[in-house]
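**Student:** So that you have it, the file is input_12.tsv, and it contains TSV, C-alpha atoms:
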chain	number	residue	atom	x	y	z
A	1	MET	CA	12.82	9.04	-7.03
A	2	TYR	CA	13.67	6.50	-4.36
A	3	GLU	CA	13.41	9.03	-1.52
A	4	ASN	CA	9.89	9.90	-2.68
A	5	SER	CA	9.04	6.21	-2.67
A	6	ARG	CA	10.17	5.81	0.92
A	7	VAL	CA	7.92	8.69	1.95
A	8	GLN	CA	5.03	7.12	0.05
A	9	ILE	CA	5.54	3.77	1.77
A	10	THR	CA	5.57	5.42	5.21
A	11	ASP	CA	2.50	7.49	4.27
A	12	MET	CA	0.73	4.28	3.22
A	13	ILE	CA	1.63	2.63	6.52
A	14	ALA	CA	0.28	5.62	8.47
A	15	LEU	CA	-2.94	5.67	6.45
A	16	LEU	CA	-3.51	1.95	6.94
A	17	GLU	CA	-2.69	2.18	10.65
A	18	GLU	CA	-5.40	4.83	11.04
A	19	GLU	CA	-7.82	2.44	9.37
A	20	LYS	CA	-6.69	-0.45	11.60
A	21	SER	CA	-5.85	-2.54	8.55
A	22	ASP	CA	-3.24	-4.60	10.39
A	23	TRP	CA	-2.62	-7.16	7.63
A	24	TRP	CA	-1.72	-4.48	5.09
A	25	VAL	CA	0.27	-2.47	7.65
A	26	LYS	CA	2.51	-5.54	8.11
A	27	HIS	CA	2.73	-5.94	4.34
A	28	PHE	CA	4.02	-2.40	3.81
A	29	LYS	CA	6.30	-2.57	6.85
A	30	ARG	CA	7.98	-5.56	5.19
A	31	ALA	CA	8.33	-3.50	2.02
A	32	LEU	CA	9.79	-0.60	4.02
A	33	SER	CA	12.29	-2.91	5.68
A	34	ALA	CA	13.45	-4.16	2.28
A	35	PHE	CA	13.62	-0.59	1.01
A	36	ASP	CA	15.71	0.52	3.98
A	37	SER	CA	18.08	-2.38	3.28
A	38	CYS	CA	18.50	-1.02	-0.27
A	39	ASP	CA	16.87	-4.20	-1.58
A	40	TYR	CA	14.62	-2.32	-3.97
A	41	LEU	CA	13.66	-5.34	-6.07
A	42	ASN	CA	12.50	-7.22	-2.98
A	43	CYS	CA	10.60	-4.12	-1.87
A	44	ALA	CA	8.92	-3.97	-5.28
A	45	ASN	CA	8.14	-7.70	-5.13
A	46	ILE	CA	6.50	-7.28	-1.74
A	47	ILE	CA	4.40	-4.34	-2.91
A	48	MET	CA	3.31	-6.10	-6.09
A	49	SER	CA	2.53	-9.36	-4.28
A	50	GLY	CA	-0.45	-7.57	-2.72
A	51	SER	CA	-2.09	-6.92	-6.08
A	52	GLY	CA	-4.40	-9.18	-8.03
A	53	GLY	CA	-6.97	-11.66	-6.85
A	54	MET	CA	-9.74	-11.34	-4.31
A	55	GLY	CA	-8.93	-9.40	-1.17
A	56	SER	CA	-5.97	-7.66	-2.79
A	57	LEU	CA	-4.80	-4.09	-2.37
A	58	ASN	CA	-6.89	-3.21	-5.41
A	59	ASP	CA	-10.05	-4.31	-3.57
A	60	LEU	CA	-9.38	-2.43	-0.34
A	61	VAL	CA	-11.89	0.33	0.49
A	62	LEU	CA	-11.08	2.61	3.39
A	63	GLY	CA	-13.48	4.53	5.60
A	64	GLN	CA	-15.75	1.71	6.72
A	65	THR	CA	-16.93	1.78	10.32
A	66	THR	CA	-19.94	1.12	12.54
A	67	ASN	CA	-22.16	3.51	14.46
A	68	ALA	CA	-23.14	3.33	18.15
A	69	LYS	CA	-25.74	0.66	17.31
A	70	GLY	CA	-23.13	-1.48	15.58
A	71	GLU	CA	-24.55	-0.78	12.13
A	72	PHE	CA	-22.30	-0.33	9.13
A	73	CYS	CA	-21.64	3.25	8.04
A	74	TRP	CA	-19.05	5.31	6.21
A	75	LYS	CA	-16.68	7.77	7.80
A	76	PRO	CA	-17.36	11.40	6.79
A	77	ASN	CA	-14.06	11.69	4.88
A	78	VAL	CA	-14.39	8.42	2.95
A	79	ASP	CA	-13.86	9.96	-0.49
A	80	GLU	CA	-10.71	11.81	0.60
A	81	LEU	CA	-9.32	8.69	2.32
A	82	ASN	CA	-9.81	6.53	-0.76
A	83	LYS	CA	-8.43	9.15	-3.16
A	84	LYS	CA	-5.29	9.40	-1.03
A	85	TYR	CA	-5.03	5.61	-0.81
A	86	MET	CA	-5.43	5.12	-4.56
A	87	HIS	CA	-2.90	7.86	-5.29
A	88	LEU	CA	-0.31	6.28	-2.98
A	89	LEU	CA	-1.01	2.82	-4.35
A	90	GLY	CA	-0.59	4.05	-7.92
A	91	GLU	CA	2.70	5.74	-7.06
A	92	LEU	CA	4.00	2.62	-5.34
A	93	TYR	CA	2.98	0.43	-8.28
A	94	ALA	CA	4.83	2.84	-10.60
A	95	PHE	CA	7.92	2.65	-8.37
A	96	SER	CA	7.74	-1.14	-8.41
A	97	LYS	CA	7.42	-1.31	-12.18
A	98	SER	CA	10.35	1.08	-12.64
A	99	VAL	CA	12.49	-1.11	-10.38
A	100	GLN	CA	11.50	-4.12	-12.48
A	101	LYS	CA	12.48	-2.32	-15.66
A	102	ALA	CA	15.77	-1.08	-14.18
A	103	THR	CA	16.76	-4.53	-12.98
A	104	ASN	CA	15.39	-6.19	-16.09
A	105	LYS	CA	13.80	-8.88	-13.93
A	106	PRO	CA	10.11	-9.70	-13.70
A	107	ILE	CA	8.47	-8.91	-10.39
A	108	LYS	CA	7.43	-12.11	-8.65
A	109	ARG	CA	3.95	-12.41	-7.21
A	110	ASP	CA	3.17	-14.74	-4.35
Can you dump the structure from the file as structure tokens?

**Tutor:**
Amino acid sequence: MYENSRVQITDMIALLEEEKSDWWVKHFKRALSAFDSCDYLNCANIIMSGSGGMGSLNDLVLGQTTNAKGEFCWKPNVDELNKKYMHLLGELYAFSKSVQKATNKPIKRD
């Protein structure tokens, strides 16, 4: 299970890098660093700290851009991008909750 989670974190980082979502890239790189240090609870805490409230991971919508005139528009693959994002986010939330249950400690939110 944990190896899958590492792949999902790196996939999330790659997806967010493509979208130039620098804040969230840093967030998941911190989670990856904790994961690679075998500090799974801290990794879970970092992931979960991005949920809830305005501007959270749950509010993020990928595929937004501007055209040559500077007007807002959607990228052609917006649905696919957001389905992939929501799938990864759901998997990472499930990982985080399983770590919480295994350690019998509540996950802290910032």

**Student:** Extract, using all atoms listed in the file, all DNA, RNA and protein residues at most 9 Å from segment 58-72 of chain A, discarding same-chain residues fewer than 5 positions from it, and format them as a list in words.

**Tutor:**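 Close residues of segment 58-72 of chain A: Leu16, Glu19, Ser21, Gly50, Ser51, Gly52, Gly53, Asn77, Val78, Asp79, Leu81, Asn82, Tyr85, Met86 and Leu89 of chain A.
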
**Student:** Suppose we keep C-alpha atoms; can you now write the selection as a PDB file, in the coordinates of the input?

**Tutor:**
ATOM      1  CA  LEU A  16      -3.510   1.950   6.940  1.00  0.00           C
ATOM      2  CA  GLU A  19      -7.820   2.440   9.370  1.00  0.00           C
ATOM      3  CA  SER A  21      -5.850  -2.540   8.550  1.00  0.00           C
ATOM      4  CA  GLY A  50      -0.450  -7.570  -2.720  1.00  0.00           C
ATOM      5  CA  SER A  51      -2.090  -6.920  -6.080  1.00  0.00           C
ATOM      6  CA  GLY A  52      -4.400  -9.180  -8.030  1.00  0.00           C
ATOM      7  CA  GLY A  53      -6.970 -11.660  -6.850  1.00  0.00           C
ATOM      8  CA  ASN A  77     -14.060  11.690   4.880  1.00  0.00           C
ATOM      9  CA  VAL A  78     -14.390   8.420   2.950  1.00  0.00           C
ATOM     10  CA  ASP A  79     -13.860   9.960  -0.490  1.00  0.00           C
ATOM     11  CA  LEU A  81      -9.320   8.690   2.320  1.00  0.00           C
ATOM     12  CA  ASN A  82      -9.810   6.530  -0.760  1.00  0.00           C
ATOM     13  CA  TYR A  85      -5.030   5.610  -0.810  1.00  0.00           C
ATOM     14  CA  MET A  86      -5.430   5.120  -4.560  1.00  0.00           C
ATOM     15  CA  LEU A  89      -1.010   2.820  -4.350  1.00  0.00           C
TER      16      LEU A  89
END

**Student:** Which of these, A:Leu57, A:Asp22, A:Ser96, A:Met48, has the shortest distance to Arg6 of chain A once you count all atoms listed in the file?

**Tutor:**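 Closest residue, counting all atoms listed in the file: A:Ser96.
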
**Student:** What is the atom CA of Leu32 of chain A-atom CA of Ala102 of chain A distance in Å, reported with one decimal?

**Tutor:**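 Distance between the two atoms: 19.2 Å.
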
**Student:** For atom CA of Ser33 of chain A and atom CA of Tyr93 of chain A, determine how far apart the two atoms are, in Å to one decimal place.

**Tutor:**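 The value is 17.1 Å.
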
**Student:** Which residue out of A:Lys97, A:Trp23, A:Ile13, A:Val7 has the minimum interatomic distance to Ser56 of chain A when only C-alpha atoms are used?

**Tutor:**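 Checking each of A:Lys97, A:Trp23, A:Ile13, A:Val7 against Ser56 of chain A, counting only C-alpha atoms, the winner is A:Trp23.
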
**Student:** Mind working out the centre and edge lengths of an axis-aligned box for segment 80-83 of chain A, all listed atoms inside, 5 Å added to each side, rounded to one decimal in Å and written as lines of an AutoDock Vina configuration file?

**Tutor:**
center_x = -9.6
center_y = 9.2
center_z = -0.4
size_x = 12.3
size_y = 15.3
size_z = 15.5

**Student:** If we count all atoms listed in the file, what is near segment 39-41 of chain A at a cut-off of 9 Å, once residues fewer than 2 positions away on the same chain are taken out, given as a PyMOL selection string?

**Tutor:** chain A and resi 2+31+33-37+43-46+96+99-100+103+105+107

**Student:** Rounded to one decimal place, report the atom CA of Cys38 of chain A-atom CA of Leu88 of chain A distance in Å.

**Tutor:** 20.4 Å

**Student:** Tell me which of A:Phe95, A:Lys20, A:Val25, A:Asn104 sits closest to Asn4 of chain A, counting only C-alpha atoms.

**Tutor:**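 Under the stated criterion, the closest residue is A:Phe95.
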